[in-house]
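Containing TSV, C-alpha atoms: input-v9.tsv.
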```tsv
chain	number	residue	atom	x	y	z
B	1	MET	CA	85.65	160.70	139.69
B	2	SER	CA	86.12	157.37	141.47
B	3	SER	CA	85.76	153.71	140.62
B	4	ALA	CA	86.34	150.37	142.28
B	5	THR	CA	87.56	146.92	141.23
B	6	PRO	CA	87.36	143.57	143.05
B	7	LEU	CA	90.29	142.43	145.16
B	8	GLN	CA	92.40	139.49	144.02
B	9	ALA	CA	93.60	136.97	146.60
B	10	GLY	CA	97.04	137.64	148.07
B	11	ALA	CA	97.46	141.17	146.67
B	12	ALA	CA	97.77	144.26	148.84
B	13	PRO	CA	94.72	146.51	148.24
B	14	VAL	CA	95.70	150.03	147.17
B	15	LEU	CA	93.88	153.22	146.19
B	16	LEU	CA	95.04	155.02	143.04
B	17	VAL	CA	94.97	158.82	142.82
B	18	GLY	CA	95.48	160.99	139.74
B	19	VAL	CA	95.44	164.78	139.51
B	20	ASP	CA	94.68	166.47	136.20
B	21	PHE	CA	96.69	169.69	135.89
B	22	GLY	CA	95.69	170.14	132.25
B	23	LEU	CA	98.70	168.29	130.82
B	24	PRO	CA	98.12	166.39	127.55
B	25	HIS	CA	99.40	163.05	128.85
B	26	PHE	CA	97.08	162.82	131.86
B	27	ASP	CA	95.84	159.24	132.23
B	28	GLY	CA	92.20	159.76	133.20
B	29	GLU	CA	91.62	156.02	133.78
B	30	LEU	CA	94.90	155.59	135.72
B	31	GLU	CA	95.45	152.51	133.56
B	32	GLU	CA	99.25	152.67	133.55
B	33	LEU	CA	99.47	153.34	137.29
B	34	GLY	CA	97.22	150.34	137.84
B	35	LEU	CA	99.50	148.16	135.70
B	36	LEU	CA	102.52	149.40	137.63
B	37	ALA	CA	100.79	148.56	140.92
B	38	GLN	CA	99.92	145.07	139.71
B	39	THR	CA	103.48	144.55	138.48
B	40	ALA	CA	104.68	145.41	142.00
B	41	GLY	CA	102.33	142.82	143.52
B	42	MET	CA	99.49	145.16	144.54
B	43	GLN	CA	95.83	145.24	143.56
B	44	PRO	CA	94.00	148.52	142.89
B	45	VAL	CA	90.62	148.41	144.64
B	46	ALA	CA	89.55	151.99	143.89
B	47	ARG	CA	90.60	154.90	141.69
B	48	ILE	CA	89.94	158.60	142.08
B	49	THR	CA	90.87	161.57	139.91
B	50	CYS	CA	90.43	165.31	140.32
B	51	LYS	CA	91.32	168.55	138.55
B	52	ARG	CA	93.48	171.33	139.89
B	53	LYS	CA	95.17	174.36	138.38
B	54	ALA	CA	98.27	173.83	140.52
B	55	PRO	CA	99.42	171.47	143.31
B	56	ASP	CA	98.57	172.40	146.88
B	57	ALA	CA	101.83	173.21	148.66
B	58	ALA	CA	100.98	171.21	151.78
B	59	LEU	CA	98.74	168.33	150.65
B	60	PHE	CA	99.16	168.38	146.84
B	61	ILE	CA	95.39	167.92	146.41
B	62	GLY	CA	93.91	170.10	149.17
B	63	SER	CA	92.32	169.08	152.46
B	64	GLY	CA	88.82	168.47	151.07
B	65	LYS	CA	90.02	165.94	148.48
B	66	ALA	CA	92.34	164.39	151.09
B	67	ASP	CA	89.28	163.78	153.31
B	68	GLU	CA	87.51	162.15	150.36
B	69	ILE	CA	90.50	159.89	149.69
B	70	ARG	CA	90.66	158.84	153.34
B	71	ALA	CA	86.96	157.92	153.33
B	72	LEU	CA	87.26	156.02	150.02
B	73	ALA	CA	90.32	154.12	151.27
B	74	GLN	CA	88.48	153.09	154.43
B	75	MET	CA	85.41	152.04	152.43
B	76	HIS	CA	87.40	149.70	150.17
B	77	GLY	CA	89.93	148.50	152.76
B	78	ALA	CA	92.96	150.00	151.01
B	79	VAL	CA	96.21	149.69	152.95
B	80	GLU	CA	98.16	152.21	150.85
B	81	VAL	CA	97.52	155.20	148.60
B	82	LEU	CA	99.43	155.60	145.33
B	83	PHE	CA	99.68	158.92	143.46
B	84	ASP	CA	100.29	159.02	139.71
B	85	GLN	CA	102.40	162.17	140.13
B	86	SER	CA	105.60	162.76	142.08
B	87	LEU	CA	105.14	164.12	145.60
B	88	SER	CA	107.56	166.27	147.53
B	89	PRO	CA	108.81	164.83	150.85
B	90	ALA	CA	106.71	167.36	152.80
B	91	GLN	CA	103.56	166.63	150.77
B	92	GLN	CA	104.06	162.91	151.26
B	93	ARG	CA	104.50	163.31	155.03
B	94	ASN	CA	101.48	165.62	155.35
B	95	LEU	CA	99.26	163.30	153.32
B	96	GLU	CA	100.21	160.32	155.44
B	97	ARG	CA	99.28	162.20	158.59
B	98	HIS	CA	95.99	163.38	157.11
B	99	ILE	CA	94.90	160.13	155.44
B	100	GLU	CA	96.39	157.92	158.17
B	101	LEU	CA	97.76	155.47	155.62
B	102	PRO	CA	101.11	155.02	153.86
B	103	VAL	CA	101.27	157.31	150.80
B	104	ASN	CA	103.67	156.74	147.94
B	105	ASP	CA	104.07	158.10	144.43
B	106	ARG	CA	104.76	156.85	140.93
B	107	THR	CA	108.51	157.35	141.37
B	108	LEU	CA	108.83	154.98	144.33
B	109	LEU	CA	106.56	152.46	142.61
B	110	ILE	CA	108.86	152.33	139.57
B	111	LEU	CA	111.89	152.05	141.86
B	112	GLU	CA	110.30	149.13	143.70
B	113	ILE	CA	109.58	147.32	140.43
B	114	PHE	CA	113.14	147.87	139.26
B	115	ALA	CA	114.43	146.53	142.59
B	116	GLN	CA	112.32	143.38	142.17
B	117	ARG	CA	113.33	142.80	138.55
B	118	ALA	CA	117.05	143.63	138.44
B	119	ARG	CA	119.08	140.48	137.95
B	120	SER	CA	122.60	141.45	136.92
B	121	HIS	CA	125.18	142.91	139.29
B	122	GLU	CA	125.10	146.15	137.33
B	123	GLY	CA	121.31	146.37	137.40
B	124	LYS	CA	121.19	145.82	141.15
B	125	LEU	CA	123.82	148.52	141.69
B	126	GLN	CA	121.89	150.98	139.54
B	127	VAL	CA	118.63	150.34	141.38
B	128	GLU	CA	120.39	150.60	144.73
B	129	LEU	CA	121.83	153.99	143.78
B	130	ALA	CA	118.48	155.32	142.57
B	131	LYS	CA	116.67	154.17	145.72
B	132	LEU	CA	119.35	155.65	147.97
B	133	GLN	CA	119.05	158.98	146.18
B	134	TYR	CA	115.27	158.88	146.56
B	135	VAL	CA	115.34	157.88	150.25
B	136	SER	CA	117.89	160.58	151.05
B	137	THR	CA	115.22	163.22	150.37
B	138	ARG	CA	112.60	161.37	152.43
B	139	LEU	CA	114.28	161.40	155.86
B	140	VAL	CA	111.55	163.76	157.07
B	141	ARG	CA	108.91	161.04	156.76
B	142	ARG	CA	108.54	158.33	159.37
B	143	TRP	CA	110.98	159.43	162.04
B	144	SER	CA	108.69	159.90	165.05
B	145	HIS	CA	110.80	157.31	166.90
B	146	LEU	CA	113.68	159.78	166.81
B	147	GLU	CA	111.87	162.57	168.58
B	148	ARG	CA	112.75	161.25	172.04
B	149	GLN	CA	116.47	160.73	171.75
B	150	THR	CA	117.97	160.96	175.23
B	151	GLY	CA	121.06	163.04	175.83
B	152	GLY	CA	123.70	162.84	178.57
B	153	ILE	CA	122.86	163.08	182.29
B	154	GLY	CA	119.15	162.65	181.68
B	155	ALA	CA	118.81	165.68	179.42
B	156	ARG	CA	116.72	165.22	176.32
B	157	GLY	CA	118.31	165.86	172.97
B	158	GLY	CA	116.68	167.74	170.12
B	159	PRO	CA	113.83	166.26	168.11
B	160	GLY	CA	115.94	163.70	166.29
B	161	GLU	CA	118.34	166.02	164.50
B	162	LYS	CA	121.46	164.08	165.48
B	163	GLN	CA	120.04	160.71	164.43
B	164	ILE	CA	118.76	162.11	161.13
B	165	GLU	CA	122.15	163.66	160.42
B	166	LEU	CA	123.76	160.29	161.14
B	167	ASP	CA	121.35	158.57	158.77
B	168	ARG	CA	122.08	161.18	156.12
B	169	ARG	CA	125.79	160.54	156.47
B	170	MET	CA	125.27	156.79	156.25
B	171	ILE	CA	123.14	157.17	153.12
B	172	GLY	CA	125.64	159.63	151.66
B	173	ASP	CA	128.46	157.13	152.25
B	174	ALA	CA	126.39	154.34	150.66
B	175	ILE	CA	125.68	156.53	147.61
B	176	LYS	CA	129.38	157.28	147.26
B	177	ARG	CA	130.35	153.57	147.48
B	178	THR	CA	127.67	152.54	145.00
B	179	ARG	CA	128.75	155.21	142.53
B	180	GLU	CA	132.35	154.03	142.77
B	181	ARG	CA	131.28	150.45	142.07
B	182	LEU	CA	129.21	151.61	139.09
B	183	VAL	CA	132.22	153.46	137.69
B	184	LYS	CA	134.08	150.13	137.59
B	185	VAL	CA	131.15	148.52	135.77
B	186	LYS	CA	131.11	151.37	133.24
B	187	ARG	CA	134.83	150.83	132.62
B	188	GLN	CA	134.21	147.15	131.96
B	189	ARG	CA	131.39	147.98	129.53
B	190	SER	CA	133.59	150.56	127.83
B	191	THR	CA	136.29	147.92	127.35
B	192	GLN	CA	133.75	145.51	125.85
B	193	ARG	CA	132.50	148.23	123.48
B	194	ARG	CA	136.04	149.06	122.35
B	195	GLN	CA	136.60	145.38	121.62
B	196	ARG	CA	133.44	145.32	119.50
B	197	GLU	CA	134.55	148.49	117.70
B	198	ARG	CA	137.93	146.92	116.91
B	199	ARG	CA	136.06	144.01	115.36
B	200	ASP	CA	134.19	146.55	113.21
B	201	THR	CA	130.85	145.49	114.69
B	202	PHE	CA	127.67	147.25	113.60
B	203	ASN	CA	125.65	147.94	116.76
B	204	ILE	CA	121.84	147.97	116.81
B	205	SER	CA	119.83	148.74	119.95
B	206	LEU	CA	116.16	148.07	120.60
B	207	VAL	CA	114.49	150.98	122.37
B	208	GLY	CA	110.86	151.69	123.11
B	209	TYR	CA	108.15	152.18	125.68
B	210	THR	CA	107.88	149.46	128.29
B	211	ASN	CA	105.72	146.49	127.23
B	212	ALA	CA	106.06	147.35	123.53
B	213	GLY	CA	107.42	143.83	122.91
B	214	LYS	CA	111.14	144.58	122.63
B	215	SER	CA	112.29	141.40	124.36
B	216	THR	CA	109.88	139.24	122.34
B	217	LEU	CA	111.21	140.83	119.14
B	218	PHE	CA	114.79	140.36	120.36
B	219	ASN	CA	114.14	136.65	120.99
B	220	ALA	CA	112.48	136.23	117.60
B	221	LEU	CA	115.39	137.82	115.73
B	222	VAL	CA	118.33	136.14	117.49
B	223	LYS	CA	116.61	132.93	118.70
B	224	ALA	CA	117.53	133.87	122.27
B	225	ARG	CA	115.69	133.12	125.50
B	226	ALA	CA	115.68	136.52	127.14
B	227	TYR	CA	112.83	136.89	129.63
B	228	ALA	CA	109.72	138.36	128.01
B	229	ALA	CA	106.23	138.79	129.42
B	230	ASP	CA	103.13	140.89	128.85
B	231	GLN	CA	103.83	143.25	131.72
B	232	LEU	CA	105.62	146.52	132.43
B	233	PHE	CA	109.40	146.28	132.86
B	234	ALA	CA	109.53	142.55	132.19
B	235	THR	CA	113.28	142.88	131.69
B	236	LEU	CA	115.71	145.48	133.02
B	237	ASP	CA	119.19	144.27	132.15
B	238	THR	CA	120.72	144.86	128.74
B	239	THR	CA	121.20	141.67	126.71
B	240	THR	CA	123.42	141.61	123.61
B	241	ARG	CA	123.58	138.87	120.97
B	242	GLN	CA	124.93	138.46	117.47
B	243	LEU	CA	122.35	138.61	114.65
B	244	TYR	CA	123.36	137.14	111.30
B	245	LEU	CA	121.91	138.97	108.30
B	246	ALA	CA	122.01	136.66	105.29
B	247	ASP	CA	121.39	139.41	102.73
B	248	ALA	CA	124.41	141.33	103.99
B	249	GLY	CA	126.55	138.24	104.56
B	250	ARG	CA	127.66	139.28	108.04
B	251	SER	CA	126.56	139.62	111.65
B	252	VAL	CA	125.56	142.65	113.67
B	253	SER	CA	125.40	143.21	117.42
B	254	LEU	CA	121.79	143.48	118.69
B	255	SER	CA	121.06	144.80	122.20
B	256	ASP	CA	117.78	144.76	124.13
B	257	THR	CA	117.61	147.70	126.57
B	258	VAL	CA	115.34	148.64	129.46
B	259	GLY	CA	111.94	150.01	128.46
B	260	PHE	CA	111.10	153.68	128.90
B	261	ILE	CA	108.02	155.05	130.61
B	262	ARG	CA	106.28	158.37	131.18
B	263	ASP	CA	107.82	160.41	133.99
B	264	LEU	CA	110.76	158.04	134.33
B	265	PRO	CA	112.47	159.14	137.57
B	266	HIS	CA	115.51	161.25	136.81
B	267	GLY	CA	117.44	159.25	139.38
B	268	LEU	CA	116.83	156.15	137.29
B	269	VAL	CA	117.90	157.88	134.08
B	270	ASP	CA	121.14	158.87	135.79
B	271	ALA	CA	121.63	155.55	137.56
B	272	PHE	CA	120.91	153.53	134.41
B	273	GLN	CA	123.31	155.56	132.30
B	274	ALA	CA	125.60	152.54	131.98
B	275	THR	CA	122.75	150.34	130.72
B	276	LEU	CA	121.42	153.01	128.37
B	277	GLN	CA	124.96	153.49	127.07
B	278	GLU	CA	124.20	150.63	124.68
B	279	ALA	CA	121.62	152.88	123.03
B	280	ILE	CA	123.94	155.90	123.07
B	281	ASP	CA	126.71	153.97	121.29
B	282	ALA	CA	124.46	152.29	118.73
B	283	ASP	CA	124.84	152.80	114.99
B	284	LEU	CA	121.11	152.26	114.53
B	285	LEU	CA	118.09	152.30	116.85
B	286	LEU	CA	115.08	150.08	116.35
B	287	HIS	CA	112.30	152.09	118.01
B	288	VAL	CA	109.75	149.42	118.92
B	289	VAL	CA	106.17	150.70	119.22
B	290	ASP	CA	103.07	148.88	120.49
B	291	ALA	CA	100.84	149.39	117.45
B	292	SER	CA	97.83	148.03	119.32
B	293	ASN	CA	98.00	150.73	122.00
B	294	ALA	CA	95.81	153.73	121.21
B	295	ASP	CA	98.26	156.00	123.08
B	296	PHE	CA	101.27	155.01	120.98
B	297	PRO	CA	101.95	158.61	119.76
B	298	GLU	CA	102.38	159.81	123.36
B	299	GLN	CA	104.49	156.75	124.19
B	300	MET	CA	106.72	157.47	121.20
B	301	ALA	CA	107.09	161.08	122.35
B	302	GLN	CA	108.16	159.88	125.81
B	303	VAL	CA	110.82	157.63	124.28
B	304	GLU	CA	112.10	160.50	122.15
B	305	ARG	CA	112.37	162.69	125.27
B	306	VAL	CA	114.49	160.12	127.09
B	307	LEU	CA	116.68	159.59	124.01
B	308	GLN	CA	117.21	163.35	123.93
B	309	GLU	CA	118.09	163.33	127.62
B	310	ILE	CA	120.71	160.58	127.30
B	311	GLY	CA	122.26	162.02	124.13
B	312	ALA	CA	120.93	159.45	121.66
B	313	ALA	CA	118.45	161.63	119.74
B	314	ASP	CA	120.68	161.99	116.67
B	315	ILE	CA	121.18	158.28	116.06
B	316	PRO	CA	119.37	156.98	112.94
B	317	GLN	CA	116.16	155.10	113.64
B	318	ILE	CA	113.85	152.57	112.05
B	319	LEU	CA	110.36	152.46	113.52
B	320	VAL	CA	109.11	148.94	114.23
B	321	PHE	CA	105.36	148.89	114.90
B	322	ASN	CA	104.96	145.62	116.79
B	323	LYS	CA	101.92	143.52	117.82
B	324	LEU	CA	100.46	143.45	114.31
B	325	ASP	CA	98.63	140.28	115.37
B	326	ALA	CA	96.73	142.27	118.04
B	327	LEU	CA	95.24	144.74	115.54
B	328	THR	CA	91.65	144.37	114.41
B	329	GLU	CA	91.01	143.93	110.70
B	330	GLU	CA	89.82	147.55	110.50
B	331	ARG	CA	93.06	148.88	112.02
B	332	ARG	CA	95.39	146.59	110.12
B	333	PRO	CA	97.56	148.58	107.65
B	334	SER	CA	97.28	147.84	103.95
B	335	ASP	CA	101.06	148.26	103.55
B	336	LEU	CA	103.43	146.71	106.09
B	337	GLN	CA	106.17	149.23	105.32
B	338	ASP	CA	105.84	152.97	104.84
B	339	GLN	CA	107.07	156.22	106.35
B	340	TYR	CA	105.98	157.95	109.53
B	341	GLU	CA	106.67	161.50	110.68
B	342	VAL	CA	108.51	161.98	113.98
B	343	ALA	CA	109.42	165.50	115.14
B	344	GLY	CA	109.14	166.83	111.60
B	345	HIS	CA	111.24	164.04	110.05
B	346	LEU	CA	110.05	161.11	107.96
B	347	LEU	CA	111.33	157.78	109.27
B	348	SER	CA	110.95	154.34	107.76
B	349	ARG	CA	108.28	152.27	109.50
B	350	LEU	CA	107.70	148.52	109.41
B	351	PHE	CA	104.75	146.61	110.87
B	352	VAL	CA	105.66	143.28	112.45
B	353	SER	CA	104.41	140.68	114.88
B	354	ALA	CA	107.24	139.40	117.03
B	355	ARG	CA	104.87	136.74	118.35
B	356	SER	CA	103.71	135.28	115.00
B	357	GLY	CA	106.77	136.23	112.95
B	358	GLU	CA	104.83	138.24	110.37
B	359	GLY	CA	106.91	141.04	108.87
B	360	LEU	CA	110.23	139.87	110.36
B	361	ASP	CA	111.65	139.04	106.93
B	362	ASN	CA	110.98	142.65	105.88
B	363	LEU	CA	112.77	143.83	109.02
B	364	ARG	CA	115.82	141.65	108.32
B	365	HIS	CA	115.84	143.02	104.76
B	366	ALA	CA	115.78	146.58	106.10
B	367	LEU	CA	118.63	145.89	108.53
B	368	SER	CA	120.72	144.32	105.76
B	369	SER	CA	120.06	147.30	103.52
B	370	ARG	CA	121.06	149.71	106.28
B	371	LEU	CA	124.21	147.73	107.04
B	372	LEU	CA	125.27	147.70	103.38
B	373	ASP	CA	124.68	151.46	103.17
B	374	THR	CA	126.80	152.38	106.21
B	375	HIS	CA	128.93	154.60	104.03
B	376	LEU	CA	125.97	157.01	103.73
B	377	ASP	CA	126.06	159.89	106.20
B	378	MET	CA	122.46	159.69	107.41
B	379	THR	CA	120.65	161.87	109.94
B	380	PRO	CA	117.66	160.90	112.11
B	381	GLY	CA	115.42	162.67	109.62
B	382	ASP	CA	116.62	160.64	106.67
B	383	ALA	CA	114.41	157.78	105.64
B	384	VAL	CA	116.08	154.37	105.41
B	385	GLU	CA	115.68	152.97	101.90
B	386	LEU	CA	113.82	149.66	102.18
B	387	PRO	CA	113.87	146.95	99.54
B	388	ASP	CA	110.68	145.41	98.26
B	389	ALA	CA	108.94	143.02	100.62
B	390	MET	CA	109.96	139.42	100.38
B	391	PRO	CA	107.39	137.09	98.82
```

Taking this structure as input, can you express it in the form of structure tokens?
Amino acid sequence: MSSATPLQAGAAPVLLVGVDFGLPHFDGELEELGLLAQTAGMQPVARITCKRKAPDAALFIGSGKADEIRALAQMHGAVEVLFDQSLSPAQQRNLERHIELPVNDRTLLILEIFAQRARSHEGKLQVELAKLQYVSTRLVRRWSHLERQTGGIGARGGPGEKQIELDRRMIGDAIKRTRERLVKVKRQRSTQRRQRERRDTFNISLVGYTNAGKSTLFNALVKARAYAADQLFATLDTTTRQLYLADAGRSVSLSDTVGFIRDLPHGLVDAFQATLQEAIDADLLLHVVDASNADFPEQMAQVERVLQEIGAADIPQILVFNKLDALTEERRPSDLQDQYEVAGHLLSRLFVSARSGEGLDNLRHALSSRLLDTHLDMTPGDAVELPDAMP
């Protein structure tokens, strides 16, 4: 299957490729990959999908489909090919030789977006580490200029081995230095958390799939001006503010964390451990869900997987189904607060619109109730008792 879209001025034309291996989360329209490409400043001009039982060891998709991709890219003037799945270094190199265009995968695309969006010193360090780890496995790619290294007395050296080893050492040293700098940042964050703990601060973290509206909700609750936009990964750096809850008569600490996404590169999960630590150390998670997205169950499952991976799966949650204003009248719920099953457990769910403010009073009520009930030993499967909706 293939399709084409018109090119926007100033954007690099790219061809999107998706391979269906029978997995439930396969994006047949390549919608999310297209949004990622646009976020990175590219413009998809054509899309192609195919089915396979297993990846081809050499070309991932097989030579016949690679020929088809090359022809489609030439037809639409694409300057790069983007795969929705992760490619091995050898597959990436072989595809580039076969298609005669740069070939990259979803992992590098996410890394590039993170590199563009990171603003804080910590965020930049984390992206740098993740990119270094990714590049270190890709030294087999575009190194034809190393194949004619000259040795002493006119003798030719090997096909670039010495230069590649030098590059590996340089990258290894850079990874080591970056990790050491991140350790210092983690210590500083740990000190800040201990200070909050000494002040007996109740910590709440916003988590959710990217573009679920976490930053917009954060701004609406604490009257902050954190960057928020209708795009993937609009904000990467953790922002923490104090939220005063009138019903409880005290303030809580509210943190906005980086959004999760399907197939989040493991290097980013590791590198962003310091940022995600805010979620790990939270007393309560607000799992923000884009209620207007038809794929929200799969997005929720992806968030739960990452929470499991970073050790935050056992923290109590309240589900916040955002973008109520984007729902049609037929899809609009009759009750703005109910319960929803997640992994066999019933969790409290509230429908809100961070943009219009609808349902935010109910959310503040729920947070106050949870804060006042901190003496209860709750598990993720326990439902948070919610008071009646405010008039």

Do you know which residues are at most 10 Å from Ile113 of chain B counting only C-alpha atoms, after dropping those on the same chain fewer than 5 positions away, and could you put them as a PDB file with C-alpha atoms, keeping the file's coordinate frame?
```pdb
ATOM      1  CA  LEU B  36     102.520 149.400 137.630  1.00  0.00           C
ATOM      2  CA  ALA B  37     100.790 148.560 140.920  1.00  0.00           C
ATOM      3  CA  GLN B  38      99.920 145.070 139.710  1.00  0.00           C
ATOM      4  CA  THR B  39     103.480 144.550 138.480  1.00  0.00           C
ATOM      5  CA  ALA B  40     104.680 145.410 142.000  1.00  0.00           C
ATOM      6  CA  GLY B  41     102.330 142.820 143.520  1.00  0.00           C
ATOM      7  CA  LEU B 108     108.830 154.980 144.330  1.00  0.00           C
ATOM      8  CA  ALA B 118     117.050 143.630 138.440  1.00  0.00           C
ATOM      9  CA  VAL B 127     118.630 150.340 141.380  1.00  0.00           C
ATOM     10  CA  LEU B 232     105.620 146.520 132.430  1.00  0.00           C
ATOM     11  CA  PHE B 233     109.400 146.280 132.860  1.00  0.00           C
ATOM     12  CA  ALA B 234     109.530 142.550 132.190  1.00  0.00           C
ATOM     13  CA  LEU B 236     115.710 145.480 133.020  1.00  0.00           C
TER      14      LEU B 236
END
```

Residue contacts of segment 202-209 of chain B (6 Å, only C-alpha atoms) excluding same-chain residues fewer than 3 positions away, as an mmCIF file with C-alpha atoms, in the frame of the given file:
```
data_model
loop_
_atom_site.group_PDB
_atom_site.id
_atom_site.type_symbol
_atom_site.label_atom_id
_atom_site.label_comp_id
_atom_site.auth_asym_id
_atom_site.auth_seq_id
_atom_site.Cartn_x
_atom_site.Cartn_y
_atom_site.Cartn_z
ATOM 1 C CA ALA B 212 106.060 147.350 123.530
ATOM 2 C CA VAL B 252 125.560 142.650 113.670
ATOM 3 C CA SER B 253 125.400 143.210 117.420
ATOM 4 C CA LEU B 254 121.790 143.480 118.690
ATOM 5 C CA SER B 255 121.060 144.800 122.200
ATOM 6 C CA ASP B 256 117.780 144.760 124.130
ATOM 7 C CA GLY B 259 111.940 150.010 128.460
ATOM 8 C CA PHE B 260 111.100 153.680 128.900
ATOM 9 C CA ILE B 261 108.020 155.050 130.610
ATOM 10 C CA ALA B 279 121.620 152.880 123.030
ATOM 11 C CA ALA B 282 124.460 152.290 118.730
ATOM 12 C CA ASP B 283 124.840 152.800 114.990
ATOM 13 C CA LEU B 284 121.110 152.260 114.530
ATOM 14 C CA LEU B 285 118.090 152.300 116.850
ATOM 15 C CA LEU B 286 115.080 150.080 116.350
ATOM 16 C CA HIS B 287 112.300 152.090 118.010
ATOM 17 C CA VAL B 288 109.750 149.420 118.920
#
```

One decimal, Å: what's the distance from atom CA of Lys214 of chain B over to atom CA of Ala301 of chain B, could you say?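 Separation of atom CA of Lys214 of chain B and atom CA of Ala301 of chain B: 17.0 Å.
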
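In terms of minimum interatomic distance to Thr137 of chain B, B:Asp167 ranks closest within B:Glu112, B:Glu180, B:Asp84, B:Asp167, counting all atoms listed in the file.
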
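Computed from the coordinates, the atom CA of Glu96 of chain B to atom CA of Phe60 of chain B distance equals 11.8 Å.
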
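Each of B:Gln43, B:Leu245, B:Arg305, B:Glu122 was checked against Gln188 of chain B using only C-alpha atoms; the smallest atom-to-atom distance is that of B:Glu122.
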
List every protein, DNA or RNA residue with an atom no more than 12 Å from (112.7, 152.4, 112.3) in the file's coordinates, counting all atoms listed in the file, and format the result as a VMD selection string. chain B and resid 204 to 208 284 to 289 300 315 to 322 337 to 342 345 to 352 362 to 364 366 to 367 370 380 to 386

Using all atoms listed in the file, find the one residue out of B:Arg177, B:Lys131, B:Arg70, B:Arg47 that sits nearest to Leu101 of chain B.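 Once distances to Leu101 of chain B are computed over all atoms listed in the file, the minimum belongs to B:Arg70.
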
Point out the residue among B:Val17, B:Ile171, B:Leu221, B:Ala78 with the least atom-to-atom distance to Cys50 of chain B, counting only C-alpha atoms. B:Val17

Using all atoms listed in the file: which of B:Gly213, B:Gly123, B:Pro89, B:Pro24 has the shortest distance to Leu268 of chain B: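 Comparing B:Gly213, B:Gly123, B:Pro89, B:Pro24 against Leu268 of chain B, the winner is B:Gly123.
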
Could you check how far atom CA of Ser136 of chain B sits from atom CA of Leu182 of chain B, in Å to one decimal?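 Interatomic distance, atom CA of Ser136 of chain B to atom CA of Leu182 of chain B: 18.8 Å.
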
Among the residues B:Ala246, B:Met75, B:Ala90, B:Val306, the one that comes closest to Leu59 of chain B [using all atoms listed in the file]: B:Ala90

Axis-aligned box for segment 333-346 of chain B, 3 Å per side, centre and edges in Å as AutoDock Vina command-line options:
```
--center_x 104.3 --center_y 156.8 --center_z 109.3 --size_x 20.0 --size_y 26.1 --size_z 17.6
```

Answer as a PDB file with C-alpha atoms, in the frame of the given file, residues within 12 Å of (98.9, 173.1, 140.9) using all atoms listed in the file:
```pdb
ATOM      1  CA  VAL B  19      95.440 164.780 139.510  1.00  0.00           C
ATOM      2  CA  ASP B  20      94.680 166.470 136.200  1.00  0.00           C
ATOM      3  CA  PHE B  21      96.690 169.690 135.890  1.00  0.00           C
ATOM      4  CA  GLY B  22      95.690 170.140 132.250  1.00  0.00           C
ATOM      5  CA  LEU B  23      98.700 168.290 130.820  1.00  0.00           C
ATOM      6  CA  CYS B  50      90.430 165.310 140.320  1.00  0.00           C
ATOM      7  CA  LYS B  51      91.320 168.550 138.550  1.00  0.00           C
ATOM      8  CA  ARG B  52      93.480 171.330 139.890  1.00  0.00           C
ATOM      9  CA  LYS B  53      95.170 174.360 138.380  1.00  0.00           C
ATOM     10  CA  ALA B  54      98.270 173.830 140.520  1.00  0.00           C
ATOM     11  CA  PRO B  55      99.420 171.470 143.310  1.00  0.00           C
ATOM     12  CA  ASP B  56      98.570 172.400 146.880  1.00  0.00           C
ATOM     13  CA  ALA B  57     101.830 173.210 148.660  1.00  0.00           C
ATOM     14  CA  ALA B  58     100.980 171.210 151.780  1.00  0.00           C
ATOM     15  CA  LEU B  59      98.740 168.330 150.650  1.00  0.00           C
ATOM     16  CA  PHE B  60      99.160 168.380 146.840  1.00  0.00           C
ATOM     17  CA  ILE B  61      95.390 167.920 146.410  1.00  0.00           C
ATOM     18  CA  GLY B  62      93.910 170.100 149.170  1.00  0.00           C
ATOM     19  CA  GLN B  85     102.400 162.170 140.130  1.00  0.00           C
ATOM     20  CA  LEU B  87     105.140 164.120 145.600  1.00  0.00           C
TER      21      LEU B  87
END
```
